[in-house]
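> This is model.cif, which holds mmCIF, C-alpha atoms and all ligand atoms:
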data_structure
loop_
_atom_site.label_atom_id
_atom_site.label_comp_id
_atom_site.auth_asym_id
_atom_site.auth_seq_id
_atom_site.Cartn_x
_atom_site.Cartn_y
_atom_site.Cartn_z
CA MET A 30 -36.94 97.89 -17.98
CA TYR A 31 -34.85 99.63 -15.36
CA ALA A 32 -31.21 98.88 -14.51
CA GLY A 33 -31.38 95.68 -16.55
CA HIS A 34 -34.57 94.38 -14.93
CA ILE A 35 -38.10 94.11 -16.27
CA VAL A 36 -40.11 96.26 -13.85
CA GLU A 37 -43.52 96.26 -15.50
CA SER A 38 -45.43 94.27 -18.07
CA GLY A 39 -48.96 94.31 -19.40
CA ARG A 40 -51.18 95.41 -22.24
CA VAL A 41 -49.98 98.76 -23.61
CA LYS A 42 -53.27 100.61 -23.07
CA GLU A 43 -53.53 99.39 -19.48
CA VAL A 44 -49.92 100.24 -18.65
CA PHE A 45 -50.33 103.74 -20.08
CA ARG A 46 -53.68 104.25 -18.37
CA GLN A 47 -52.66 103.00 -14.93
CA PRO A 48 -48.94 102.34 -14.49
CA ARG A 49 -48.23 100.10 -11.50
CA HIS A 50 -44.50 100.78 -11.15
CA PRO A 51 -43.16 104.20 -10.10
CA TYR A 52 -40.57 104.18 -12.89
CA THR A 53 -43.23 103.60 -15.54
CA ARG A 54 -45.30 106.35 -14.02
CA GLY A 55 -42.27 108.65 -14.02
CA LEU A 56 -41.58 107.94 -17.68
CA LEU A 57 -45.16 108.76 -18.63
CA GLU A 58 -45.19 111.96 -16.57
CA SER A 59 -41.91 113.12 -18.12
CA ALA A 60 -43.02 112.55 -21.71
CA PRO A 61 -45.03 115.04 -23.79
CA ASP A 62 -48.72 114.24 -24.28
CA PHE A 63 -49.74 115.66 -27.63
CA ASP A 64 -53.43 115.42 -26.68
CA ARG A 65 -52.74 117.65 -23.64
CA PRO A 66 -49.92 120.01 -24.62
CA GLU A 67 -50.67 122.22 -21.57
CA ARG A 68 -49.70 119.42 -19.17
CA GLU A 69 -46.53 120.18 -17.22
CA LEU A 70 -43.74 117.63 -17.68
CA VAL A 71 -42.36 116.16 -14.46
CA PRO A 72 -38.81 114.82 -14.70
CA ILE A 73 -37.70 111.75 -12.75
CA PRO A 74 -35.23 112.98 -10.11
CA GLY A 75 -31.70 111.67 -9.93
CA PHE A 76 -29.84 109.36 -12.28
CA PRO A 77 -29.92 105.65 -13.14
CA PRO A 78 -27.61 103.46 -11.06
CA ASN A 79 -24.29 102.18 -12.32
CA VAL A 80 -25.23 98.65 -13.38
CA ALA A 81 -21.75 97.48 -12.32
CA ASP A 82 -22.39 98.81 -8.81
CA ARG A 83 -26.12 98.47 -8.17
CA PRO A 84 -27.48 99.39 -4.76
CA GLU A 85 -28.92 96.61 -2.60
CA GLY A 86 -32.66 96.14 -2.90
CA CYS A 87 -34.77 97.90 -5.48
CA PRO A 88 -32.52 99.71 -7.98
CA PHE A 89 -35.11 102.48 -8.39
CA ALA A 90 -35.22 103.26 -4.64
CA PRO A 91 -32.89 106.33 -4.70
CA ARG A 92 -35.23 108.00 -7.21
CA CYS A 93 -38.60 106.73 -6.02
CA GLY A 94 -41.26 108.85 -4.37
CA TYR A 95 -42.97 105.74 -2.98
CA VAL A 96 -39.87 104.24 -1.33
CA ARG A 97 -40.15 102.56 2.08
CA ASP A 98 -37.43 101.12 4.31
CA HIS A 99 -37.94 97.56 3.08
CA CYS A 100 -37.36 98.64 -0.53
CA THR A 101 -33.63 99.04 0.13
CA GLN A 102 -33.28 95.63 1.80
CA SER A 103 -34.35 93.21 -0.91
CA MET A 104 -35.15 93.17 -4.60
CA PRO A 105 -38.88 93.27 -5.33
CA PRO A 106 -39.89 90.29 -7.49
CA LEU A 107 -41.77 90.72 -10.76
CA ALA A 108 -45.21 89.63 -9.59
CA GLU A 109 -48.81 89.74 -10.75
CA VAL A 110 -50.49 92.92 -9.49
CA ALA A 111 -53.70 92.55 -11.51
CA PRO A 112 -54.92 90.09 -14.15
CA GLY A 113 -52.40 90.25 -16.99
CA ARG A 114 -50.28 92.83 -15.18
CA LEU A 115 -46.83 92.32 -13.67
CA ALA A 116 -44.79 94.79 -11.66
CA ALA A 117 -41.58 94.56 -9.63
CA CYS A 118 -42.56 96.89 -6.81
CA PHE A 119 -43.39 96.29 -3.15
CA GLU A 120 -45.68 99.30 -3.20
CA SER A 121 -47.55 98.82 -6.48
CA HIS A 122 -50.85 98.65 -4.54
CA ARG A 123 -50.37 102.36 -3.77
CA LEU A 124 -50.29 103.28 -7.46
CA THR A 125 -54.02 103.27 -8.05
CA GLU A 126 -54.42 106.60 -9.86
CA VAL A 127 -55.64 106.40 -13.41
CA LEU A 128 -53.80 108.83 -15.68
CA ALA A 129 -56.10 110.95 -17.81
S1 LIG A 201 -40.06 98.66 -4.59
FE1 LIG A 201 -40.04 100.52 -3.39
S2 LIG A 201 -38.34 101.76 -4.19
FE2 LIG A 201 -38.79 100.16 -5.70
S3 LIG A 201 -40.16 101.10 -7.15
FE3 LIG A 201 -41.43 100.10 -5.60
S4 LIG A 201 -41.84 101.65 -4.03
FE4 LIG A 201 -40.15 102.39 -5.31
#
Could you rewrite the structure in this file as structure tokens?


Amino acid sequence: MYAGHIVESGRVKEVFRQPRHPYTRGLLESAPDFDRPERELVPIPGFPPNVADRPEGCPFAPRCGYVRDHCTQSMPPLAEVAPGRLAACFESHRLTEVLA
């Protein structure tokens, strides 16, 4: 969840292996991996929005490395991005990397 919205859903192993929302990916990259303690942690830039004063469009846009102009114009719906996988991101097709 981000800013009060479900942004990704799926089987735990699949979400951890290949996150399809930039916020999920950011969370995984900022968390320690005890199987790979040498991995550098990458913090998510910025801060969560004030839920009483949310920006128009995708609430993650000010912090997102995948943001495009259309992201700030309307809210991305939670939609199926693969069998059994849901993500609320216009650009989820660009998140194809499998995390080791
Ligand atoms: S919809 Fe756009 S701003 Fe929101 S998470 Fe996806 S790429 Fe980032």

> Which protein, DNA or RNA residues have an atom within 8 Å of ligand LIG 201 (chain A), counting only C-alpha atoms and all ligand atoms, as a ChimeraX atom specification?

/A:50-52,86-97,99-101,104-105,117-121

> Measuring between all atoms listed in the file, which one of A:Glu43, A:Asp62, A:Glu69, A:Glu126 shows the shortest distance to A:Arg114?

A:Glu43

> Which residues come within 12 Å of A:Arg68, counting only C-alpha atoms, excluding same-chain residues fewer than 4 positions away, as a count of residues only?

10

> Work out how far apart atom CA of A:Gly39 and atom CA of A:Val110 are and give it in Å to one decimal.

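It comes out at 10.1 Å.
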
> Closest to A:Thr125 among A:Arg54, A:Tyr31, A:Pro72, A:Arg40, using all atoms listed in the file?

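Looking only at the distances to A:Thr125, the closest residue turns out to be A:Arg54.
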
> Provide the atom CA of A:Ser103 to atom CA of A:Ser38 distance in Å, to one decimal place.

20.5 Å

> For A:Gly113, which of A:Gly55, A:Gly75, A:Ile35, A:Val41 is the closest residue, counting all atoms listed in the file?

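Among the listed residues, A:Val41 lies closest to A:Gly113.
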
> Between A:Arg49, A:Val44, A:Gly33, A:Ala81, which has the minimum distance to A:Ala108 (counting all atoms listed in the file)?

A:Arg49

> For a test of reading the model, state the distance in Å between atom CA of A:Glu37 and atom CA of A:Leu115, rounded to one decimal.

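Between these atoms lies a distance of 5.5 Å.
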
> Considering only C-alpha atoms, can you say which of A:Pro84, A:Pro78, A:Lys42, A:Met30 comes closest to A:Leu56?

A:Met30

> Here is a test: counting all atoms listed in the file, which residue of A:Pro112, A:Pro48, A:Pro66, A:Pro77 is nearest to A:Ala32?

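Smallest distance to A:Ala32 is found for A:Pro77.
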
> As an mmCIF file, in the frame of the given file, could you write out stretch 32-47 of chain A once it has been completed with N, CA and C atoms?


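Saved the output as rebuild07.cif:
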data_model
loop_
_atom_site.group_PDB
_atom_site.id
_atom_site.type_symbol
_atom_site.label_atom_id
_atom_site.label_comp_id
_atom_site.auth_asym_id
_atom_site.auth_seq_id
_atom_site.Cartn_x
_atom_site.Cartn_y
_atom_site.Cartn_z
ATOM 1 N N ALA A 32 -32.462 99.452 -15.022
ATOM 2 C CA ALA A 32 -31.210 98.880 -14.510
ATOM 3 C C ALA A 32 -31.086 97.401 -14.869
ATOM 4 N N GLY A 33 -31.515 97.053 -16.070
ATOM 5 C CA GLY A 33 -31.380 95.680 -16.550
ATOM 6 C C GLY A 33 -32.460 94.729 -16.093
ATOM 7 N N HIS A 34 -33.493 95.233 -15.418
ATOM 8 C CA HIS A 34 -34.570 94.380 -14.930
ATOM 9 C C HIS A 34 -35.907 94.797 -15.557
ATOM 10 N N ILE A 35 -36.721 93.809 -15.876
ATOM 11 C CA ILE A 35 -38.100 94.110 -16.270
ATOM 12 C C ILE A 35 -38.826 94.565 -15.013
ATOM 13 N N VAL A 36 -39.412 95.759 -15.043
ATOM 14 C CA VAL A 36 -40.110 96.260 -13.850
ATOM 15 C C VAL A 36 -41.616 96.319 -14.039
ATOM 16 N N GLU A 37 -42.076 96.258 -15.294
ATOM 17 C CA GLU A 37 -43.520 96.260 -15.500
ATOM 18 C C GLU A 37 -43.839 95.606 -16.827
ATOM 19 N N SER A 38 -44.975 94.926 -16.855
ATOM 20 C CA SER A 38 -45.430 94.270 -18.070
ATOM 21 C C SER A 38 -46.949 94.253 -18.086
ATOM 22 N N GLY A 39 -47.514 94.360 -19.266
ATOM 23 C CA GLY A 39 -48.960 94.310 -19.400
ATOM 24 C C GLY A 39 -49.373 94.823 -20.759
ATOM 25 N N ARG A 40 -50.666 94.871 -20.989
ATOM 26 C CA ARG A 40 -51.180 95.410 -22.240
ATOM 27 C C ARG A 40 -50.870 96.907 -22.292
ATOM 28 N N VAL A 41 -50.463 97.377 -23.469
ATOM 29 C CA VAL A 41 -49.980 98.760 -23.610
ATOM 30 C C VAL A 41 -51.001 99.768 -23.080
ATOM 31 N N LYS A 42 -52.246 99.634 -23.497
ATOM 32 C CA LYS A 42 -53.270 100.610 -23.070
ATOM 33 C C LYS A 42 -53.417 100.627 -21.557
ATOM 34 N N GLU A 43 -53.366 99.454 -20.934
ATOM 35 C CA GLU A 43 -53.530 99.390 -19.480
ATOM 36 C C GLU A 43 -52.328 99.971 -18.756
ATOM 37 N N VAL A 44 -51.133 99.701 -19.283
ATOM 38 C CA VAL A 44 -49.920 100.240 -18.650
ATOM 39 C C VAL A 44 -49.912 101.763 -18.758
ATOM 40 N N PHE A 45 -50.299 102.286 -19.906
ATOM 41 C CA PHE A 45 -50.330 103.740 -20.080
ATOM 42 C C PHE A 45 -51.432 104.382 -19.242
ATOM 43 N N ARG A 46 -52.537 103.694 -19.106
ATOM 44 C CA ARG A 46 -53.680 104.250 -18.370
ATOM 45 C C ARG A 46 -53.441 104.221 -16.861
ATOM 46 N N GLN A 47 -52.880 103.114 -16.367
ATOM 47 C CA GLN A 47 -52.660 103.000 -14.930
ATOM 48 C C GLN A 47 -51.343 102.274 -14.675
#
